[in-house]
$ cat entry33.cif   # mmCIF, C-alpha atoms
data_input
#
loop_
_atom_site.label_atom_id
_atom_site.label_comp_id
_atom_site.auth_asym_id
_atom_site.auth_seq_id
_atom_site.Cartn_x
_atom_site.Cartn_y
_atom_site.Cartn_z
CA MET V 215 -57.71 -4.70 -64.60
CA LEU V 216 -57.22 -4.52 -68.34
CA GLU V 217 -53.76 -3.11 -67.82
CA ALA V 218 -52.83 -6.03 -65.58
CA VAL V 219 -53.98 -8.52 -68.21
CA PHE V 220 -51.95 -6.64 -70.83
CA TRP V 221 -48.77 -6.84 -68.75
CA ILE V 222 -49.24 -10.57 -68.35
CA VAL V 223 -50.09 -11.33 -71.98
CA PHE V 224 -47.58 -8.97 -73.61
CA PRO V 225 -44.36 -10.54 -72.20
CA ILE V 226 -45.69 -14.01 -73.03
CA PHE V 227 -46.38 -12.86 -76.58
CA LEU V 228 -42.90 -11.33 -76.86
CA ALA V 229 -41.27 -14.51 -75.62
CA THR V 230 -43.24 -16.81 -77.89
CA SER V 231 -43.38 -14.69 -81.05
CA PRO V 232 -40.21 -16.20 -82.61
CA TRP V 233 -41.69 -19.63 -82.07
CA ILE V 234 -44.99 -18.59 -83.63
CA LEU V 235 -43.06 -17.26 -86.62
CA SER V 236 -41.08 -20.48 -86.74
CA GLY V 237 -44.32 -22.46 -86.70
CA ILE V 238 -45.70 -20.43 -89.60
CA GLY V 239 -42.44 -21.07 -91.45
CA THR V 240 -42.49 -24.79 -90.78
CA PHE V 241 -46.13 -25.55 -91.45
CA ILE V 242 -47.11 -22.95 -94.07
CA TYR V 243 -44.06 -21.47 -95.82
CA GLN V 244 -41.99 -24.65 -96.23
CA PRO V 245 -44.83 -26.88 -97.61
CA LYS V 246 -45.65 -24.11 -100.09
CA LYS V 247 -42.05 -24.03 -101.34
CA LYS V 248 -41.97 -27.83 -101.54
CA GLN V 249 -45.16 -27.80 -103.60
CA GLN V 250 -43.61 -25.29 -106.02
CA LEU V 251 -40.54 -27.52 -106.34
CA LEU V 252 -42.75 -30.53 -107.08
CA VAL V 253 -44.45 -28.65 -109.92
CA ARG V 254 -41.07 -27.68 -111.41
CA GLU V 255 -39.84 -31.26 -111.09
CA GLN V 256 -42.90 -32.63 -112.87
CA ALA V 257 -42.43 -30.14 -115.70
CA SER V 258 -38.83 -31.35 -116.13
CA ALA V 259 -39.78 -35.02 -115.84
CA GLN V 260 -42.16 -34.71 -118.78
CA ARG V 261 -39.27 -33.73 -121.01
CA GLY V 262 -37.17 -36.65 -119.73
CA ASP V 263 -34.46 -36.50 -117.08
CA VAL V 264 -31.25 -34.91 -118.31
CA LEU V 265 -29.08 -35.86 -115.34
CA SER V 266 -26.89 -38.94 -115.21
CA THR V 267 -23.96 -40.05 -113.04
CA LEU V 268 -22.30 -42.05 -115.81
CA SER V 269 -18.99 -40.76 -117.11
CA LYS V 270 -20.00 -41.36 -120.74
CA PRO V 271 -23.36 -40.70 -122.39
CA LEU V 272 -25.45 -43.86 -122.63
CA SER V 273 -26.60 -43.17 -126.17
CA GLY V 274 -23.01 -43.32 -127.44
CA LYS V 275 -23.53 -40.39 -129.80
CA GLU V 276 -20.65 -38.14 -130.69
CA VAL V 277 -20.21 -35.19 -128.35
CA LYS V 278 -19.54 -31.81 -129.90
CA GLN V 279 -19.26 -29.49 -126.94
CA THR V 280 -18.85 -29.79 -123.17
CA GLN V 281 -19.08 -27.42 -120.25
CA LEU V 282 -19.00 -27.71 -116.48
CA VAL V 283 -22.30 -26.70 -114.86
CA LEU V 284 -22.90 -25.96 -111.19
CA ALA V 285 -25.95 -25.48 -109.01
CA ASN V 286 -26.03 -24.95 -105.29
CA VAL V 287 -28.44 -24.24 -102.47
CA VAL V 288 -28.11 -23.51 -98.76
CA MET V 289 -31.01 -24.74 -96.66
CA SER V 290 -31.64 -24.36 -92.99
CA PRO V 291 -33.98 -26.19 -90.63
CA SER V 292 -36.39 -24.02 -88.65
CA TRP V 293 -36.23 -23.66 -84.87
CA ILE V 294 -39.15 -26.03 -84.45
CA GLN V 295 -37.47 -28.65 -86.64
CA ILE V 296 -34.25 -28.30 -84.61
CA LEU V 297 -36.25 -28.72 -81.41
CA ILE V 298 -38.09 -31.81 -82.71
CA GLY V 299 -34.81 -33.21 -84.04
CA GLY V 300 -33.17 -32.66 -80.66
CA ILE V 301 -35.96 -34.53 -78.87
CA LEU V 302 -35.94 -37.38 -81.41
CA SER V 303 -32.15 -37.77 -81.17
CA LEU V 304 -32.57 -38.66 -77.48
CA PHE V 305 -34.37 -41.82 -78.56
CA GLY V 306 -32.07 -42.55 -81.49
CA GLY V 307 -33.16 -44.02 -84.79
CA GLU V 308 -34.14 -42.04 -87.82
CA ILE V 309 -34.59 -38.33 -87.34
CA ASN V 310 -37.34 -37.73 -89.81
CA VAL V 311 -37.36 -33.93 -89.82
CA PHE V 312 -33.71 -33.70 -90.88
CA THR V 313 -34.03 -36.50 -93.45
CA LYS V 314 -36.84 -34.60 -95.11
CA MET V 315 -34.98 -31.30 -95.00
CA VAL V 316 -31.75 -32.60 -96.54
CA ASP V 317 -33.73 -34.54 -99.13
CA TRP V 318 -35.60 -31.37 -100.03
CA SER V 319 -32.39 -29.35 -100.46
CA ARG V 320 -30.84 -32.06 -102.61
CA ARG V 321 -33.88 -32.15 -104.89
CA GLU V 322 -33.78 -28.36 -105.10
CA ALA V 323 -30.09 -28.39 -106.13
CA LYS V 324 -30.70 -31.09 -108.76
CA GLN V 325 -33.71 -29.21 -110.10
CA ARG V 326 -31.65 -26.03 -110.45
CA LEU V 327 -29.04 -27.96 -112.42
CA ARG V 328 -31.78 -29.32 -114.69
CA GLU V 329 -33.22 -25.85 -115.23
CA GLU V 330 -29.79 -24.41 -115.99
CA VAL V 331 -29.22 -27.08 -118.64
CA GLU V 332 -32.69 -26.69 -120.12
CA ALA V 333 -32.19 -22.92 -120.36
CA SER V 334 -28.90 -23.34 -122.21
CA ASP V 335 -28.60 -25.27 -125.46
CA PHE V 336 -27.01 -28.38 -123.95
CA ASP V 337 -28.67 -31.77 -124.21
CA GLU V 338 -27.59 -33.75 -121.18
CA VAL V 339 -25.49 -33.72 -118.01
CA ILE V 340 -23.06 -36.58 -117.44
CA ASN V 341 -20.89 -37.41 -114.45
CA MET V 342 -23.14 -35.54 -112.03
CA ARG V 343 -21.88 -35.40 -108.46
CA LEU V 344 -23.50 -34.20 -105.25
CA GLU V 345 -21.60 -32.66 -102.40
CA THR V 346 -22.84 -31.76 -98.94
CA THR V 347 -21.32 -29.31 -96.50
CA ILE V 348 -22.53 -28.34 -93.06
CA MET V 349 -22.30 -24.63 -92.39
CA THR V 350 -21.71 -23.68 -88.78
CA LYS V 351 -21.40 -20.53 -86.77
CA THR V 352 -19.60 -20.23 -83.49
CA LYS V 353 -21.66 -18.86 -80.65
CA GLY V 354 -20.43 -18.84 -77.08
CA GLY V 355 -17.68 -21.34 -77.84
CA LYS V 356 -20.15 -23.84 -79.30
CA ASP V 357 -20.55 -24.69 -82.95
CA LYS V 358 -24.13 -24.28 -84.08
CA THR V 359 -25.33 -25.58 -87.40
CA THR V 360 -26.91 -22.84 -89.50
CA GLY V 361 -27.58 -24.87 -92.59
CA VAL V 362 -26.45 -27.39 -95.12
CA GLU V 363 -25.08 -26.54 -98.50
CA ILE V 364 -25.75 -28.91 -101.36
CA LEU V 365 -23.71 -28.57 -104.53
CA ALA V 366 -24.68 -30.45 -107.66
CA TYR V 367 -22.24 -30.33 -110.55
CA GLY V 368 -21.63 -32.17 -113.77
CA THR V 369 -20.51 -31.90 -117.36
CA ALA V 370 -23.11 -30.59 -119.77
CA ILE V 371 -22.78 -32.07 -123.25
CA LYS V 372 -24.13 -31.19 -126.66
CA TYR V 373 -24.54 -33.77 -129.39
CA MET E 41 -18.06 -10.77 -112.55
CA GLN E 42 -14.45 -11.74 -112.96
CA PRO E 43 -12.75 -11.96 -116.38
CA GLN E 44 -13.16 -15.29 -118.10
CA VAL E 45 -10.27 -17.59 -118.87
CA ASN E 46 -11.23 -19.31 -122.06
CA ILE E 47 -10.04 -22.89 -121.65
CA PRO E 48 -12.30 -25.94 -121.52
CA PHE E 49 -12.74 -27.77 -118.22
CA SER E 50 -14.85 -30.73 -117.27
CA ASN E 51 -15.40 -33.09 -114.37
CA THR E 52 -15.08 -36.20 -116.54
CA GLU E 53 -11.75 -37.97 -116.98
CA THR E 54 -11.51 -37.04 -120.63
CA ILE E 55 -13.11 -34.34 -122.67
CA PRO E 56 -15.18 -36.21 -125.27
CA GLY E 57 -13.95 -35.74 -128.80
CA VAL E 58 -10.41 -34.59 -128.05
CA THR E 59 -7.13 -36.41 -127.31
CA ILE E 60 -5.09 -35.63 -124.24
CA VAL E 61 -1.40 -35.30 -125.09
CA GLN E 62 0.26 -34.50 -121.82
CA SER E 63 -0.56 -34.01 -118.15
CA MET E 64 0.71 -30.87 -116.43
CA GLY E 65 -0.08 -31.90 -112.84
CA VAL E 66 -2.71 -30.91 -110.32
CA VAL E 67 -3.96 -27.32 -110.31
CA THR E 68 -5.90 -25.76 -107.45
CA GLY E 69 -7.75 -22.57 -106.72
CA SER E 70 -9.25 -21.54 -103.42
CA THR E 71 -10.84 -18.60 -101.67
CA VAL E 72 -12.25 -17.80 -98.23
CA ARG E 73 -15.15 -15.40 -98.17
CA ALA E 74 -17.75 -14.03 -95.80
CA LYS E 75 -20.95 -12.07 -96.23
CA ASN E 76 -21.34 -8.75 -94.44
CA VAL E 77 -22.75 -8.59 -90.93
CA PHE E 78 -26.23 -7.38 -92.02
CA LYS E 79 -26.67 -10.31 -94.38
CA ASP E 80 -25.56 -12.58 -91.52
CA ILE E 81 -28.24 -11.13 -89.25
CA GLY E 82 -30.80 -11.56 -92.03
CA ALA E 83 -29.77 -15.18 -92.46
CA GLY E 84 -30.01 -15.65 -88.70
CA LEU E 85 -33.62 -14.45 -88.81
CA LYS E 86 -34.42 -16.67 -91.79
CA ASN E 87 -32.98 -19.54 -89.76
CA MET E 88 -36.00 -19.26 -87.47
CA VAL E 89 -38.37 -20.00 -90.34
CA GLY E 90 -36.19 -22.53 -92.13
CA GLY E 91 -35.83 -22.95 -95.86
CA GLU E 92 -33.33 -21.47 -98.23
CA LEU E 93 -30.75 -18.95 -97.01
CA ARG E 94 -30.43 -17.01 -100.24
CA ALA E 95 -27.57 -14.80 -99.03
CA TYR E 96 -25.37 -17.82 -98.38
CA THR E 97 -26.39 -19.51 -101.63
CA GLU E 98 -25.22 -16.43 -103.53
CA LEU E 99 -22.07 -16.13 -101.44
CA LEU E 100 -21.02 -19.69 -102.17
CA GLN E 101 -21.89 -19.37 -105.85
CA GLU E 102 -19.73 -16.27 -106.25
CA SER E 103 -16.82 -17.72 -104.30
CA ARG E 104 -16.95 -20.99 -106.21
CA ASN E 105 -16.72 -19.12 -109.49
CA GLU E 106 -13.74 -17.22 -108.08
CA ALA E 107 -12.06 -20.49 -107.00
CA LEU E 108 -12.66 -21.98 -110.46
CA TYR E 109 -11.21 -18.86 -112.08
CA ARG E 110 -8.07 -19.08 -109.96
CA MET E 111 -7.71 -22.75 -110.85
CA LEU E 112 -7.94 -21.93 -114.55
CA VAL E 113 -5.37 -19.14 -114.19
CA ASP E 114 -3.06 -21.64 -112.50
CA ALA E 115 -3.60 -24.09 -115.36
CA GLN E 116 -2.90 -21.45 -117.95
CA ALA E 117 0.28 -20.41 -116.15
CA ARG E 118 1.50 -23.98 -116.46
CA GLY E 119 0.96 -23.98 -120.18
CA ALA E 120 -2.06 -26.29 -120.14
CA ASN E 121 -5.03 -25.71 -122.40
CA ALA E 122 -7.68 -27.75 -120.59
CA VAL E 123 -8.53 -29.01 -117.10
CA VAL E 124 -10.12 -32.41 -116.57
CA ASN E 125 -11.58 -34.18 -113.53
CA VAL E 126 -12.44 -31.00 -111.68
CA ARG E 127 -13.55 -31.56 -108.08
CA PHE E 128 -14.91 -29.23 -105.44
CA ALA E 129 -14.45 -29.17 -101.71
CA THR E 130 -16.07 -26.80 -99.23
CA SER E 131 -15.39 -26.22 -95.59
CA SER E 132 -16.94 -23.60 -93.39
CA VAL E 133 -14.52 -21.58 -91.34
CA ALA E 134 -16.10 -20.13 -88.19
CA GLY E 135 -18.20 -16.98 -88.35
CA GLY E 136 -20.09 -17.31 -91.59
CA ALA E 137 -16.95 -17.54 -93.73
CA ALA E 138 -16.56 -20.41 -96.12
CA GLU E 139 -13.53 -21.83 -97.89
CA LEU E 140 -14.09 -23.06 -101.40
CA LEU E 141 -11.53 -25.20 -103.17
CA ALA E 142 -11.57 -26.29 -106.78
CA TYR E 143 -8.94 -28.70 -108.07
CA GLY E 144 -8.29 -30.73 -111.14
CA THR E 145 -5.69 -32.09 -113.52
CA ALA E 146 -4.28 -29.67 -116.06
CA VAL E 147 -3.70 -31.27 -119.46
CA VAL E 148 -2.61 -30.36 -122.93
CA ILE E 149 -5.15 -31.36 -125.57
CA GLN E 150 -5.01 -31.39 -129.32
#

$ encode --input "entry33.cif" --output "structure tokens"
Amino acid sequence: MLEAVFWIVFPIFLATSPWILSGIGTFIYQPKKKQQLLVREQASAQRGDVLSTLSKPLSGKEVKQTQLVLANVVMSPSWIQILIGGILSLFGGEINVFTKMVDWSRREAKQRLREEVEASDFDEVINMRLETTIMTKTKGGKDKTTGVEILAYGTAIKY
Amino acid sequence: MQPQVNIPFSNTETIPGVTIVQSMGVVTGSTVRAKNVFKDIGAGLKNMVGGELRAYTELLQESRNEALYRMLVDAQARGANAVVNVRFATSSVAGGAAELLAYGTAVVIQ
């Protein structure tokens, strides 16, 4: 009897285990990472934001030294998010799960740029640009999205 | 880590504090790279959970530095001593390989 139950439960467990893992990733791991990012962002915000998209520094001070700085991140949605996104795209409108994910990766890339500048002896980043690339892999003749790459780059300046 | 070419480059139209004397045309540098198959499998598993794919982040970082380096070598070969208005473009070629392109205008500064 017990053996029969085992042979029913075990295949079900095997089939669903990736989805359980994906659920843990989506609802426990990802919020934790986002919380960590929020803490880092707040720490940077207290010192004042160093990023700007202007091509000249607003303060108009004389610039002594410049250097190109780069920061990038590759983020991927989880299986559950892809599934939810697929269902939502049937109805059209905003696909909330992907909006949140791309927004998260962009914040992460910007935060890395900030941290890189704060670690070096530069004062500010001007002319910051963001670039997005979709990474795909080909599987069975179909292109599947594996993740998005966000690149944030700009010119670090020293007064 | 590749050897460094020691010329200034920036993504602004001018480098603050210096005068541009002459333009030497557009310089480019590109590279196509892939991670090994084990890292690809690892990234495939991480895909399930979502979040950052660290292997690919590193891959793109390394390749972008390589592309930048090639661009600077190109600029130096043309006799320029700075590169301004640097831009990046990325496209993913099938199978986990990515093409990174860096381009900009080579100039002579004083």

$ interface_residues --input "entry33.cif" --of "chain V" --to "chain E" --cutoff "7 Å" --atoms "only C-alpha atoms" --output "list of chain:residue names"
V:Leu235, V:Ser236, V:Gly239, V:Thr240, V:Gln244, V:Ser269, V:Val277, V:Lys278, V:Gln281, V:Leu282, V:Asn286, V:Val287, V:Val288, V:Met289, V:Ser290, V:Pro291, V:Ser292, V:Trp293, V:Asn341, V:Thr347, V:Met349, V:Thr350, V:Lys351, V:Thr352, V:Thr360, V:Gly368, V:Thr369

$ resolve_selection --input "entry33.cif" --expression "the PyMOL selection byres ((chain E and resi 47) around 8)" --output "list in words"
Val45, Asn46, Pro48, Phe49, Leu112, Asn121, Ala122 and Val123 of chain E

$ closest_residue --input "entry33.cif" --among "V:Ile371, V:Leu216, V:Ile294, V:Ile364" --to "V:Phe241" --atoms "all atoms listed in the file"
V:Ile294

$ atom_distance --input "entry33.cif" --atom1 "atom CA of V:Ala257" --atom2 "atom CA of V:Arg326"
12.7 Å

$ axis_aligned_box --input "entry33.cif" --around "stretch 243-254 of chain V" --padding-each-side "6 Å" --output "AutoDock Vina command-line options"
--center_x -43.1 --center_y -26.0 --center_z -103.6 --size_x 17.1 --size_y 21.1 --size_z 27.6

$ resolve_selection --input "entry33.cif" --expression "the PyMOL selection byres ((chain E and resi 62-76) around 9)" --output "PyMOL selection string"
chain E and resi 60-61+77-81+95-96+99-100+103-104+106-115+118-120+123+132-133+135-149

$ resolve_selection --input "entry33.cif" --expression "the PyMOL selection byres ((chain V and resi 337) around 9)" --output "list of chain:residue names"
V:Val264, V:Val331, V:Glu332, V:Ser334, V:Asp335, V:Phe336, V:Glu338, V:Val339, V:Ala370, V:Ile371, V:Lys372, V:Tyr373
